[in-house]
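Structure file input-v6.txt (compact mmCIF, C-alpha atoms) follows.
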# COMPACT_ATOMS: atom_id res chain seq x y z
CA MET M 30 118.12 117.78 77.61
CA LYS M 31 114.64 117.63 76.08
CA GLU M 32 111.41 118.03 77.98
CA ILE M 33 107.73 117.62 77.22
CA CYS M 34 104.45 117.56 79.13
CA LEU M 35 101.74 115.17 77.97
CA LYS M 36 98.06 114.91 78.88
CA ILE M 37 96.78 111.39 79.48
CA LYS M 38 93.76 110.52 77.33
CA ASN M 39 93.49 106.93 78.50
CA GLN M 40 90.36 106.46 80.64
CA ALA M 41 92.13 104.18 83.10
CA GLY M 42 95.16 106.44 83.45
CA ILE M 43 98.67 105.01 83.37
CA HIS M 44 97.92 101.64 84.93
CA ALA M 45 100.11 98.57 84.74
CA ARG M 46 99.95 97.79 81.01
CA PRO M 47 100.60 101.34 79.79
CA SER M 48 103.45 101.54 82.31
CA ALA M 49 105.02 98.45 80.77
CA LEU M 50 104.69 99.95 77.29
CA LEU M 51 106.33 103.17 78.45
CA VAL M 52 109.17 101.36 80.18
CA ASN M 53 109.90 99.07 77.26
CA LEU M 54 109.89 102.00 74.89
CA ALA M 55 112.15 104.09 77.13
CA ALA M 56 114.59 101.20 77.50
CA LYS M 57 115.18 101.18 73.73
CA PHE M 58 116.90 104.53 73.77
CA ASP M 59 120.45 105.28 74.66
CA CYS M 60 119.59 108.15 76.93
CA GLU M 61 118.35 108.80 80.42
CA VAL M 62 114.55 109.04 80.60
CA VAL M 63 112.96 110.63 83.64
CA LEU M 64 109.19 110.63 84.10
CA SER M 65 107.33 112.74 86.61
CA ASN M 66 103.81 113.42 87.83
CA GLY M 67 104.73 116.89 88.98
CA HIS M 68 105.42 115.75 92.54
CA PHE M 69 108.33 113.38 92.12
CA ASP M 70 110.61 111.96 89.43
CA VAL M 71 111.16 108.34 88.60
CA ASN M 72 113.43 106.47 86.25
CA GLY M 73 111.50 105.94 83.01
CA LYS M 74 113.10 102.54 82.58
CA SER M 75 111.77 101.11 85.84
CA ILE M 76 108.26 99.66 85.82
CA LEU M 77 107.49 99.98 89.53
CA GLY M 78 108.65 103.56 89.37
CA VAL M 79 106.31 104.39 86.52
CA ILE M 80 103.39 102.59 88.18
CA SER M 81 103.93 104.51 91.39
CA LEU M 82 103.49 107.81 89.55
CA ALA M 83 99.76 106.90 89.54
CA ILE M 84 98.82 109.35 86.82
CA PRO M 85 95.04 109.32 86.26
CA TYR M 86 92.87 110.13 83.25
CA ARG M 87 93.49 113.76 82.19
CA GLY M 88 96.54 113.87 84.44
CA LEU M 89 99.86 115.23 83.24
CA LEU M 90 102.96 113.20 82.50
CA TYR M 91 106.25 115.08 82.37
CA VAL M 92 108.94 113.46 80.26
CA LYS M 93 112.59 114.43 80.38
CA ALA M 94 115.24 112.82 78.21
CA ASN M 95 118.94 113.42 78.40
CA GLY M 96 121.54 111.78 76.18
CA LYS M 97 122.39 110.70 72.66
CA ASP M 98 118.97 110.11 71.15
CA GLU M 99 116.90 112.28 73.47
CA GLU M 100 114.94 113.83 70.62
CA LYS M 101 113.87 110.47 69.25
CA ALA M 102 112.95 109.26 72.74
CA ILE M 103 110.69 112.24 73.39
CA GLU M 104 109.11 111.90 69.97
CA SER M 105 108.34 108.19 70.36
CA ILE M 106 107.04 108.55 73.91
CA SER M 107 104.71 111.39 73.00
CA LYS M 108 103.47 109.36 70.04
CA LEU M 109 102.71 106.42 72.34
CA VAL M 110 100.86 108.62 74.81
CA THR M 111 98.96 111.06 72.60
CA VAL M 112 98.58 109.41 69.16
CA ASP M 113 98.46 105.71 69.96
CA ASN M 114 96.91 106.27 73.40
CA PHE M 115 98.73 103.14 74.69
CA PHE M 116 96.84 101.08 72.05
CA GLU M 117 93.78 101.01 74.31
CA MET V 18 102.13 120.08 102.05
CA LYS V 19 98.60 120.54 103.32
CA ILE V 20 96.23 118.51 105.43
CA THR V 21 92.57 119.09 106.14
CA ILE V 22 90.98 119.08 109.58
CA ARG V 23 88.79 116.21 108.38
CA GLN V 24 91.87 114.07 107.71
CA ILE V 25 93.26 114.75 111.18
CA PHE V 26 89.88 114.13 112.77
CA THR V 27 89.31 110.78 111.05
CA GLU V 28 92.82 109.55 111.76
CA LEU V 29 93.15 110.70 115.36
CA LYS V 30 89.56 110.67 116.58
CA LYS V 31 90.17 107.53 118.62
CA ASP V 32 93.72 108.17 119.87
CA LEU V 33 92.96 111.68 121.02
CA SER V 34 89.31 111.02 121.98
CA LEU V 35 88.17 114.02 119.96
CA THR V 36 84.52 115.06 119.88
CA LEU V 37 83.24 117.63 117.44
CA LEU V 38 81.14 120.27 119.17
CA ALA V 39 80.46 122.73 116.36
CA GLY V 40 81.48 123.92 112.93
CA GLU V 41 81.21 120.69 110.96
CA GLU V 42 81.06 122.72 107.74
CA GLY V 43 84.64 123.83 108.29
CA LEU V 44 86.18 120.37 108.30
CA GLU V 45 87.74 121.07 104.91
CA ASN V 46 89.84 123.86 106.45
CA GLN V 47 93.51 123.30 105.84
CA ILE V 48 96.59 123.26 108.04
CA ILE V 49 99.87 124.17 106.43
CA GLU V 50 102.34 123.62 109.25
CA SER V 51 102.95 121.28 112.14
CA ASP V 52 103.18 123.87 114.93
CA LEU V 53 100.40 124.45 117.41
CA HIS V 54 99.34 127.64 119.13
CA ARG V 55 97.77 128.60 122.43
CA PRO V 56 95.94 131.86 121.85
CA GLY V 57 96.31 133.20 125.39
CA LEU V 58 97.85 136.50 124.36
CA ALA V 59 95.51 136.87 121.42
CA LEU V 60 92.58 136.55 123.81
CA ALA V 61 94.16 139.24 125.94
CA GLY V 62 94.10 141.51 122.92
CA PHE V 63 97.67 141.23 121.62
CA VAL V 64 97.24 139.98 118.05
CA GLU V 65 100.32 141.40 116.36
CA LEU V 66 102.12 138.08 116.05
CA PHE V 67 99.05 135.90 116.27
CA THR V 68 99.83 132.69 114.37
CA TYR V 69 96.18 132.17 113.55
CA HIS V 70 96.78 129.61 110.76
CA ARG V 71 97.82 126.98 113.30
CA ILE V 72 95.61 124.67 115.32
CA GLN V 73 94.47 126.71 118.33
CA VAL V 74 94.57 124.86 121.63
CA LEU V 75 92.45 126.24 124.46
CA GLY V 76 93.74 124.86 127.74
CA ASN V 77 92.76 125.48 131.34
CA THR V 78 94.56 128.84 131.32
CA GLU V 79 92.59 130.20 128.38
CA ILE V 80 89.25 128.96 129.66
CA ARG V 81 89.93 130.21 133.21
CA TYR V 82 90.97 133.58 131.78
CA LEU V 83 87.76 133.86 129.77
CA ALA V 84 85.69 132.84 132.78
CA SER V 85 87.31 135.57 134.88
CA MET V 86 85.96 138.27 132.63
CA ALA V 87 82.65 140.04 132.56
CA LEU V 88 80.25 138.79 129.89
CA GLU V 89 80.59 141.75 127.57
CA GLN V 90 84.36 141.80 127.71
CA LYS V 91 84.52 138.05 127.14
CA GLN V 92 82.46 138.38 123.99
CA LYS V 93 84.69 141.13 122.71
CA CYS V 94 87.82 139.01 123.26
CA LEU V 95 86.38 136.06 121.41
CA GLU V 96 85.09 138.14 118.55
CA LYS V 97 88.54 139.61 118.11
CA ILE V 98 90.01 136.15 117.52
CA PHE V 99 87.31 135.32 115.01
CA GLU V 100 88.45 138.19 112.82
CA PHE V 101 91.27 135.86 111.83
CA ASN V 102 90.99 132.84 109.61
CA VAL V 103 91.56 130.15 112.26
CA PRO V 104 91.44 126.53 110.98
CA CYS V 105 90.09 124.97 114.19
CA PHE V 106 89.89 125.19 117.98
CA ILE V 107 90.49 122.42 120.46
CA LEU V 108 89.40 122.41 124.10
CA THR V 109 91.44 120.21 126.41
CA HIS V 110 90.65 118.76 129.87
CA ASN V 111 87.02 118.27 128.78
CA ASN V 112 86.49 121.95 129.46
CA LYS V 113 83.03 123.27 128.81
CA ALA V 114 82.92 125.59 125.80
CA PRO V 115 81.85 129.15 126.58
CA GLU V 116 78.44 129.84 125.04
CA ARG V 117 79.72 132.63 122.79
CA LEU V 118 82.60 130.46 121.48
CA LEU V 119 80.14 127.80 120.37
CA GLU V 120 78.00 130.39 118.61
CA LEU V 121 80.96 131.98 116.87
CA CYS V 122 82.28 128.61 115.69
CA LYS V 123 78.89 127.77 114.23
CA GLU V 124 78.53 131.16 112.57
CA ASN V 125 82.04 131.19 111.09
CA GLU V 126 82.03 127.48 110.27
CA ILE V 127 85.16 126.75 112.26
CA PRO V 128 85.39 123.27 113.82
CA LEU V 129 85.53 123.15 117.61
CA PHE V 130 86.67 119.92 119.29
CA VAL V 131 86.92 118.79 122.85
CA THR V 132 89.26 116.17 124.34
CA PRO V 133 89.61 114.78 127.86
CA LEU V 134 93.41 114.81 127.56
CA SER V 135 95.56 117.35 129.36
CA THR V 136 96.92 120.20 127.26
CA THR V 137 100.56 119.10 127.30
CA ASN V 138 99.71 115.50 126.62
CA PHE V 139 97.38 116.45 123.79
CA MET V 140 99.93 118.80 122.24
CA ASN V 141 102.62 116.13 122.35
CA LEU V 142 100.42 113.52 120.74
CA ILE V 143 99.10 115.69 117.96
CA SER V 144 102.57 117.16 117.30
CA GLU V 145 103.93 113.68 116.80
CA HIS V 146 101.34 113.04 114.12
CA LEU V 147 101.68 116.45 112.46
CA ASN V 148 105.47 116.26 112.43
CA GLU V 149 105.20 113.01 110.54
CA VAL V 150 102.71 114.44 108.06
CA PHE V 151 104.80 117.56 107.44
CA ALA V 152 108.16 115.78 107.44
CA PRO V 153 110.39 116.50 104.43
CA VAL V 154 110.10 113.76 101.83
CA GLU V 155 112.36 112.62 99.03
CA ILE V 156 111.85 109.81 96.54
CA LEU V 157 114.97 107.67 96.16
CA HIS V 158 115.83 105.03 93.63
CA GLY V 159 117.05 101.79 95.07
CA SER V 160 115.97 98.83 97.14
CA LEU V 161 115.58 99.03 100.89
CA VAL V 162 116.05 95.80 102.83
CA ASP V 163 116.06 95.13 106.56
CA VAL V 164 119.13 92.94 107.12
CA TYR V 165 119.56 91.79 110.73
CA GLY V 166 117.61 94.84 111.79
CA VAL V 167 119.83 97.24 109.83
CA GLY V 168 118.21 99.21 107.03
CA LEU V 169 120.39 98.72 103.94
CA LEU V 170 119.62 100.87 100.95
CA LEU V 171 120.98 99.31 97.77
CA LYS V 172 121.73 101.85 95.10
CA GLY V 173 123.27 101.81 91.65
CA ARG V 174 122.35 102.35 88.02
CA SER V 175 119.27 100.57 86.69
CA GLY V 176 119.93 97.01 85.63
CA ILE V 177 123.00 96.58 87.86
CA GLY V 178 121.22 94.01 90.00
CA LYS V 179 119.82 95.78 93.05
CA SER V 180 116.56 93.86 92.92
CA GLU V 181 118.39 90.54 92.52
CA VAL V 182 120.46 91.22 95.63
CA ALA V 183 117.31 92.26 97.50
CA LEU V 184 115.54 89.07 96.46
CA ASP V 185 118.52 86.97 97.46
CA LEU V 186 118.51 88.65 100.87
CA VAL V 187 114.80 87.90 101.27
CA GLU V 188 115.54 84.28 100.35
CA ARG V 189 118.00 84.20 103.23
CA GLY V 190 115.42 85.41 105.72
CA HIS V 191 115.71 89.18 105.55
CA ARG V 192 112.86 91.55 104.84
CA LEU V 193 112.13 93.80 101.92
CA VAL V 194 110.81 97.28 102.56
CA ALA V 195 110.71 98.75 99.08
CA ASP V 196 112.04 97.91 95.67
CA ASP V 197 112.91 100.51 93.07
CA ILE V 198 111.10 103.46 94.64
CA VAL V 199 111.77 104.36 98.24
CA THR V 200 109.74 107.13 99.83
CA THR V 201 112.09 108.69 102.35
CA LYS V 202 110.87 110.79 105.24
CA LYS V 203 113.02 112.74 107.64
CA ILE V 204 111.80 112.54 111.18
CA LYS V 205 113.28 114.10 114.29
CA ARG V 206 116.59 115.63 113.30
CA ASN V 207 118.65 112.86 111.82
CA ILE V 208 116.46 109.87 111.14
CA LEU V 209 115.45 108.80 107.66
CA ILE V 210 112.55 106.40 107.37
CA GLY V 211 112.07 104.60 104.09
CA SER V 212 108.88 102.95 102.93
CA ALA V 213 107.28 101.75 99.72
CA THR V 214 104.60 103.74 97.96
CA GLU V 215 101.05 102.45 98.31
CA ARG V 216 101.17 101.09 94.77
CA THR V 217 104.50 99.31 94.93
CA LYS V 218 104.16 97.76 98.38
CA ASN V 219 105.29 94.09 98.42
CA MET V 220 105.91 94.19 94.67
CA MET V 221 109.09 93.50 92.72
CA GLU V 222 109.78 93.37 89.05
CA PHE V 223 112.27 91.27 87.15
CA ARG V 224 112.97 91.61 83.50
CA GLY V 225 111.53 88.62 81.73
CA VAL V 226 109.44 87.50 84.71
CA GLY V 227 107.34 90.58 85.30
CA LEU V 228 105.72 91.66 88.52
CA ILE V 229 105.81 89.39 91.53
CA ASN V 230 104.25 89.79 94.96
CA LEU V 231 106.82 88.93 97.62
CA ARG V 232 104.29 88.58 100.40
CA CYS V 233 102.38 85.95 98.44
CA ILE V 234 105.53 83.96 97.78
CA PHE V 235 107.50 84.24 101.00
CA GLY V 236 104.79 85.23 103.44
CA VAL V 237 104.53 88.11 105.83
CA ARG V 238 108.01 87.60 107.26
CA ALA V 239 109.54 88.68 103.94
CA VAL V 240 108.19 92.21 103.98
CA ARG V 241 108.29 95.18 106.22
CA TYR V 242 106.21 98.33 106.14
CA GLN V 243 108.94 100.84 106.92
CA LYS V 244 112.53 100.93 108.13
CA ARG V 245 115.12 103.46 109.16
CA ILE V 246 117.80 103.86 106.48
CA GLU V 247 121.13 103.21 108.19
CA VAL V 248 123.66 102.20 105.55
CA ILE V 249 123.79 102.86 101.82
CA VAL V 250 125.40 100.20 99.65
CA GLU V 251 126.33 101.59 96.29
CA LEU V 252 126.79 98.88 93.67
CA LYS V 253 129.42 99.90 91.11
CA GLU V 254 130.75 98.22 88.05
CA TRP V 255 134.24 96.89 88.59
CA ASP V 256 136.72 99.46 87.35
CA PRO V 257 140.39 98.48 87.64
CA LYS V 258 141.39 102.13 87.79
CA ALA V 259 139.00 103.10 90.58
CA ASN V 260 140.14 103.02 94.19
CA PHE V 261 137.92 101.08 96.52
CA ASP V 262 138.26 101.20 100.29
CA ARG V 263 140.54 98.39 101.42
CA LEU V 264 140.76 99.09 105.14
CA GLY V 265 137.44 100.53 106.13
CA LEU V 266 139.08 103.39 107.98
CA ASP V 267 137.60 106.24 106.00
CA GLU V 268 133.87 106.54 106.21
CA LYS V 269 132.13 107.85 103.14
CA VAL V 270 128.74 109.47 103.61
CA THR V 271 125.82 110.37 101.41
CA THR V 272 123.67 113.32 102.41
CA ILE V 273 119.95 112.85 102.00
CA LEU V 274 117.60 115.55 103.29
CA ASP V 275 120.55 116.93 105.30
CA VAL V 276 121.10 113.61 107.06
CA LYS V 277 124.47 111.93 106.62
CA ILE V 278 124.25 108.20 105.95
CA PRO V 279 127.38 106.01 105.90
CA THR V 280 127.95 104.73 102.39
CA ILE V 281 129.86 101.76 101.10
CA GLU V 282 130.92 101.48 97.49
CA LEU V 283 130.86 97.91 96.39
CA PRO V 284 132.51 96.82 93.15
CA ILE V 285 130.66 93.98 91.49
CA PHE V 286 131.55 91.48 88.82
CA PRO V 287 130.22 88.07 87.82
CA GLY V 288 130.70 85.43 90.45
CA LYS V 289 130.87 87.82 93.35
CA ASN V 290 128.42 87.04 96.12
CA ILE V 291 127.02 90.46 96.92
CA THR V 292 124.36 89.06 99.23
CA VAL V 293 126.84 87.67 101.72
CA ILE V 294 128.82 90.90 101.58
CA ALA V 295 125.59 92.83 102.20
CA GLU V 296 124.96 90.70 105.30
CA VAL V 297 128.48 91.36 106.49
CA ILE V 298 128.05 95.09 105.92
CA ALA V 299 124.95 95.00 108.12
CA MET V 300 126.68 93.02 110.85
CA ASN V 301 129.75 95.24 110.70
CA HIS V 302 127.48 98.22 111.14
CA LEU V 303 126.01 96.58 114.23
CA VAL V 304 129.46 95.84 115.63
CA LYS V 305 130.43 99.50 115.16
CA TYR V 306 127.12 100.61 116.61
CA TYR V 307 127.83 98.59 119.76
CA GLY V 308 131.12 100.41 120.17
CA TYR V 309 133.78 98.33 118.46
CA ASP V 310 135.32 99.53 115.23
CA PRO V 311 137.34 96.60 113.89
CA ALA V 312 139.33 98.49 111.27
CA THR V 313 140.46 101.25 113.62
CA GLN V 314 141.13 98.87 116.47
CA TYR V 315 143.15 96.49 114.30
CA THR V 316 145.31 99.25 112.82
CA LYS V 317 145.96 100.60 116.28
CA GLU V 318 146.99 97.19 117.53
CA ILE V 319 149.49 96.50 114.77
CA LYS V 320 150.89 99.97 115.05
CA GLU V 321 151.54 99.40 118.75
CA LYS V 322 153.10 96.02 118.10
CA TYR V 323 155.48 97.35 115.49
CA LEU V 324 156.45 100.19 117.74
CA GLN V 325 157.58 97.89 120.52
CA LYS V 326 161.31 98.29 120.58
CA GLY V 327 162.34 94.65 120.42
CA LEU V 328 160.21 93.95 117.43
CA VAL V 329 161.52 96.87 115.45
CA GLU V 330 165.11 95.65 115.85
CA THR V 331 164.37 92.26 114.39
CA PHE V 332 163.09 93.90 111.22
CA THR V 333 165.28 94.07 108.20
CA LYS V 334 165.93 97.57 107.04
CA ASN V 335 163.70 97.20 103.99
CA GLU V 336 160.74 95.91 105.92
CA LEU V 337 160.98 98.74 108.38
CA ALA V 338 161.33 101.32 105.65
CA SER V 339 158.29 100.06 103.82
CA TYR V 340 156.34 100.04 107.02
CA LEU V 341 157.41 103.53 107.94
CA ARG V 342 156.27 104.77 104.58
CA GLY V 343 152.83 103.93 105.91
CA ASP V 344 151.24 105.73 108.77
CA VAL V 345 153.51 105.57 111.79
CA GLU V 346 153.73 108.90 113.50
So, in terms of structure tokens, how does the structure I just supplied come out?
Amino acid sequence: MKEICLKIKNQAGIHARPSALLVNLAAKFDCEVVLSNGHFDVNGKSILGVISLAIPYRGLLYVKANGKDEEKAIESISKLVTVDNFFE
Amino acid sequence: MKITIRQIFTELKKDLSLTLLAGEEGLENQIIESDLHRPGLALAGFVELFTYHRIQVLGNTEIRYLASMALEQKQKCLEKIFEFNVPCFILTHNNKAPERLLELCKENEIPLFVTPLSTTNFMNLISEHLNEVFAPVEILHGSLVDVYGVGLLLKGRSGIGKSEVALDLVERGHRLVADDIVTTKKIKRNILIGSATERTKNMMEFRGVGLINLRCIFGVRAVRYQKRIEVIVELKEWDPKANFDRLGLDEKVTTILDVKIPTIELPIFPGKNITVIAEVIAMNHLVKYYGYDPATQYTKEIKEKYLQKGLVETFTKNELASYLRGDVE
């Protein structure tokens, strides 16, 4: 299992569109992706779950991946969050 | 879990007819547990086990006790209590606050409220609220639907079709509580209440369609704010090797927050109408709830029939043998 904690740089936090990007990205991998806001975990492949995390600007997103391509999943997700900043 | 006095005050001001007498600055004080305390013994000077971090309720007894004392002694008693970090005081029965208590609350910035309710009544009402706030919570994955008044929690791996079944049930007149994320609270000793999170209320998502708002489409009858979770329906891929319950005699349970919830494993494959089965599961639960367990009753009846002497004799040997291999004592 791989784990990483990411800081959200997006001014609007993880709102609907970023959630969709996260979910679609997570769904590409053949591993279990669990996202968390520090209070509760949700399935990283479910959009309503990710939206309900309600992570604001400068909030922390915890990503856990477990399975075949966990390393690649973590890498791509952290790129989306920190480097690409959800393309916003 | 923490809650500030301000939160309690704004939410319960009306229901409990609370009036703030002093110590407005201390409204940000926090409460960390649902229990209440009456500081009678603390006032009398015994502070060894003084649970000062709770809401302190001053009833008739406490006020009468203070009034019975000489001025100097009364002040001493009160000052002793204020050595502790009390979150707030509440006077019941519209009792008048002793002068020194008001002063001390102002000085130490501790909120002091008064209510016309009786002590027991007040304690019951506020406990109800606090117990709910401090109830253990777990976030579950699944869809919670109210089917004929029974809370069915549909579970299963993502993409198996929980949301589709939930939508189909709504189509047929049942009500959705939460899709995907179910906030589950344990209240009393064995009741689980599921609700949606503020952000996902009324919403569903379908791959390819996106987000939809059920309340907009089906109206208010299609949604429900919260519901007790009574039966778990676990959707499983059809596996020819797996054993599924064929009689309904053995009850499987899932334990959530120490509460046991009856669970039904449902194999699915294309063409199977899960919605109708879900309705039947709900109705069967109701039938059992009203005291009739069809599976047990039916087995008992055939057992009795087979055991009647005449019937047994008309059996061929093979039939009887195969039957006896079953569960006749």
Exercise. Name all residues at most 8 Å from segment 39-49 of chain M (count all atoms listed in the file; drop same-chain ones fewer than 4 positions away) and give them as JSON, numbers by chain.
Key: {"M": [53, 76, 79, 80, 83, 84, 85, 86, 87, 88, 114, 115, 117]}
Quiz item: When you draw a straight line from atom CA of Lys97 of chain M to atom CA of Met30 of chain M, how long is it in Å?
Solution: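 Separation of atom CA of Lys97 of chain M and atom CA of Met30 of chain M: 9.6 Å.
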Quiz item: Which distance in Å separates atom CA of Gly190 of chain V and atom CA of Gln243 of chain V, to one decimal?
Solution: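 Between these atoms lies a distance of 16.8 Å.
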Quiz item: Counting only C-alpha atoms, which residues of chain M come no farther than 7 Å from chain V, as a PyMOL selection string?
Solution: chain M and resi 69+77-78+81
With C-alpha atoms retained, export the selected residues as a PDB file, in the coordinates of the input.
ATOM      1  CA  PHE M  69     108.330 113.380  92.120  1.00  0.00           C
ATOM      2  CA  LEU M  77     107.490  99.980  89.530  1.00  0.00           C
ATOM      3  CA  GLY M  78     108.650 103.560  89.370  1.00  0.00           C
ATOM      4  CA  SER M  81     103.930 104.510  91.390  1.00  0.00           C
TER       5      SER M  81
END
Quiz item: In terms of the shortest atom-to-atom distance over all atoms listed in the file, which of M:Lys36, M:Phe116, M:Thr111, M:Lys101 is closest to Lys57 of chain M?
Solution: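 Under the stated criterion, the closest residue is M:Lys101.
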Quiz item: From the set V:His110, V:Lys179, V:Arg71, V:Arg245, which residue has the shortest atom-to-atom contact distance to Thr137 of chain V, counting all atoms listed in the file?
Solution: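 The answer is V:His110, which sits nearest to Thr137 of chain V.
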Quiz item: Quick one, how far is atom CA of Ile285 of chain V from atom CA of Ser160 of chain V?
Solution: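 It comes out at 16.5 Å.
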Pick out the residues sitting within 7 Å of Pro104 of chain V, and hand them over as a compact mmCIF listing (two decimals) with C-alpha atoms, in the frame of the given file; count only C-alpha atoms, and ignore anything fewer than 6 positions along from it in its own chain.
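Full text of out14.txt as output:
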# COMPACT_ATOMS: atom_id res chain seq x y z
CA ASN V 46 89.84 123.86 106.45
CA GLN V 47 93.51 123.30 105.84
CA ILE V 48 96.59 123.26 108.04
CA HIS V 70 96.78 129.61 110.76
CA ARG V 71 97.82 126.98 113.30
CA ILE V 72 95.61 124.67 115.32
CA ILE V 127 85.16 126.75 112.26
Quiz prompt | Residue nearest Lys108 of chain M - candidates M:Leu51, M:Val71, M:Tyr91, M:Asn66, atoms counted: all atoms listed in the file | solution =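 Closest candidate: M:Leu51.
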Exercise. Fewer than 4 positions away in the same chain doesn't count, so skip those; otherwise give me all residues within 12 Å of Ile208 of chain V, counting only C-alpha atoms, as a PyMOL selection string.
Key: chain V and resi 149+152-154+168+201-204+244-248+272-278
Self-check item: Spatial neighbours of segment 95-103 of chain V, max dist 9 Å, all atoms listed in the file, sep filter under 4 positions, as a VMD selection string
Solution: chain V and resid 46 56 59 to 60 62 64 67 to 73 83 90 to 91 117 to 118 121 to 122 125 127
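Using all atoms listed in the file, the smallest distance between any of M:Asp70, M:Leu82, M:Ser75, M:Leu90 and Ile103 of chain M comes from M:Leu90.
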Quiz item: Hey, what's within 9 Å of Asn95 of chain M if we count only C-alpha atoms and toss same-chain stuff fewer than 6 positions away? As a list in words, please?
Solution: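 So, after excluding close chain neighbours, the residues are Met30, Lys31, Glu32, Cys60, Glu61, Val62 and Val63 of chain M.
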Keeping only C-alpha atoms, write those residues as a PDB file, in the coordinates of the input.
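Final file, selection-v4.pdb:
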ATOM      1  CA  MET M  30     118.120 117.780  77.610  1.00  0.00           C
ATOM      2  CA  LYS M  31     114.640 117.630  76.080  1.00  0.00           C
ATOM      3  CA  GLU M  32     111.410 118.030  77.980  1.00  0.00           C
ATOM      4  CA  CYS M  60     119.590 108.150  76.930  1.00  0.00           C
ATOM      5  CA  GLU M  61     118.350 108.800  80.420  1.00  0.00           C
ATOM      6  CA  VAL M  62     114.550 109.040  80.600  1.00  0.00           C
ATOM      7  CA  VAL M  63     112.960 110.630  83.640  1.00  0.00           C
TER       8      VAL M  63
END
Need the axis-aligned box for segment 56-62 of chain M with 4 Å each side, so what are the centre and edges in Å to one decimal, as JSON?
{"center_x": 117.5, "center_y": 105.1, "center_z": 77.2, "size_x": 13.9, "size_y": 15.9, "size_z": 14.9}
N, CA, C and O atoms for segment 30-41 of chain M, written as a PDB file, in the coordinates of the input, could you do that?
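Contents of the output file selection19.pdb:
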ATOM      1  N   MET M  30     119.271 118.430  76.996  1.00  0.00           N
ATOM      2  CA  MET M  30     118.120 117.780  77.610  1.00  0.00           C
ATOM      3  C   MET M  30     116.822 118.255  76.953  1.00  0.00           C
ATOM      4  O   MET M  30     116.663 119.428  76.659  1.00  0.00           O
ATOM      5  N   LYS M  31     115.931 117.312  76.701  1.00  0.00           N
ATOM      6  CA  LYS M  31     114.640 117.630  76.080  1.00  0.00           C
ATOM      7  C   LYS M  31     113.537 117.358  77.090  1.00  0.00           C
ATOM      8  O   LYS M  31     113.623 116.424  77.886  1.00  0.00           O
ATOM      9  N   GLU M  32     112.493 118.169  77.022  1.00  0.00           N
ATOM     10  CA  GLU M  32     111.410 118.030  77.980  1.00  0.00           C
ATOM     11  C   GLU M  32     110.071 118.182  77.295  1.00  0.00           C
ATOM     12  O   GLU M  32     109.952 118.951  76.342  1.00  0.00           O
ATOM     13  N   ILE M  33     109.066 117.447  77.781  1.00  0.00           N
ATOM     14  CA  ILE M  33     107.730 117.620  77.220  1.00  0.00           C
ATOM     15  C   ILE M  33     106.708 117.256  78.294  1.00  0.00           C
ATOM     16  O   ILE M  33     106.991 116.475  79.207  1.00  0.00           O
ATOM     17  N   CYS M  34     105.529 117.865  78.190  1.00  0.00           N
ATOM     18  CA  CYS M  34     104.450 117.560  79.130  1.00  0.00           C
ATOM     19  C   CYS M  34     103.284 116.991  78.331  1.00  0.00           C
ATOM     20  O   CYS M  34     102.859 117.586  77.354  1.00  0.00           O
ATOM     21  N   LEU M  35     102.792 115.828  78.744  1.00  0.00           N
ATOM     22  CA  LEU M  35     101.740 115.170  77.970  1.00  0.00           C
ATOM     23  C   LEU M  35     100.490 114.971  78.824  1.00  0.00           C
ATOM     24  O   LEU M  35     100.579 114.676  80.017  1.00  0.00           O
ATOM     25  N   LYS M  36      99.320 115.127  78.172  1.00  0.00           N
ATOM     26  CA  LYS M  36      98.060 114.910  78.880  1.00  0.00           C
ATOM     27  C   LYS M  36      97.586 113.486  78.601  1.00  0.00           C
ATOM     28  O   LYS M  36      97.611 113.040  77.456  1.00  0.00           O
ATOM     29  N   ILE M  37      97.171 112.791  79.642  1.00  0.00           N
ATOM     30  CA  ILE M  37      96.780 111.390  79.480  1.00  0.00           C
ATOM     31  C   ILE M  37      95.317 111.300  79.033  1.00  0.00           C
ATOM     32  O   ILE M  37      94.416 111.811  79.699  1.00  0.00           O
ATOM     33  N   LYS M  38      95.110 110.629  77.880  1.00  0.00           N
ATOM     34  CA  LYS M  38      93.760 110.520  77.330  1.00  0.00           C
ATOM     35  C   LYS M  38      93.139 109.163  77.666  1.00  0.00           C
ATOM     36  O   LYS M  38      91.968 108.939  77.436  1.00  0.00           O
ATOM     37  N   ASN M  39      93.966 108.280  78.192  1.00  0.00           N
ATOM     38  CA  ASN M  39      93.490 106.930  78.500  1.00  0.00           C
ATOM     39  C   ASN M  39      92.568 106.964  79.723  1.00  0.00           C
ATOM     40  O   ASN M  39      92.937 107.494  80.773  1.00  0.00           O
ATOM     41  N   GLN M  40      91.369 106.384  79.569  1.00  0.00           N
ATOM     42  CA  GLN M  40      90.360 106.460  80.640  1.00  0.00           C
ATOM     43  C   GLN M  40      90.867 105.886  81.960  1.00  0.00           C
ATOM     44  O   GLN M  40      90.497 106.354  83.028  1.00  0.00           O
ATOM     45  N   ALA M  41      91.688 104.844  81.877  1.00  0.00           N
ATOM     46  CA  ALA M  41      92.130 104.180  83.100  1.00  0.00           C
ATOM     47  C   ALA M  41      93.439 104.767  83.628  1.00  0.00           C
ATOM     48  O   ALA M  41      94.021 104.243  84.579  1.00  0.00           O
TER      49      ALA M  41
END
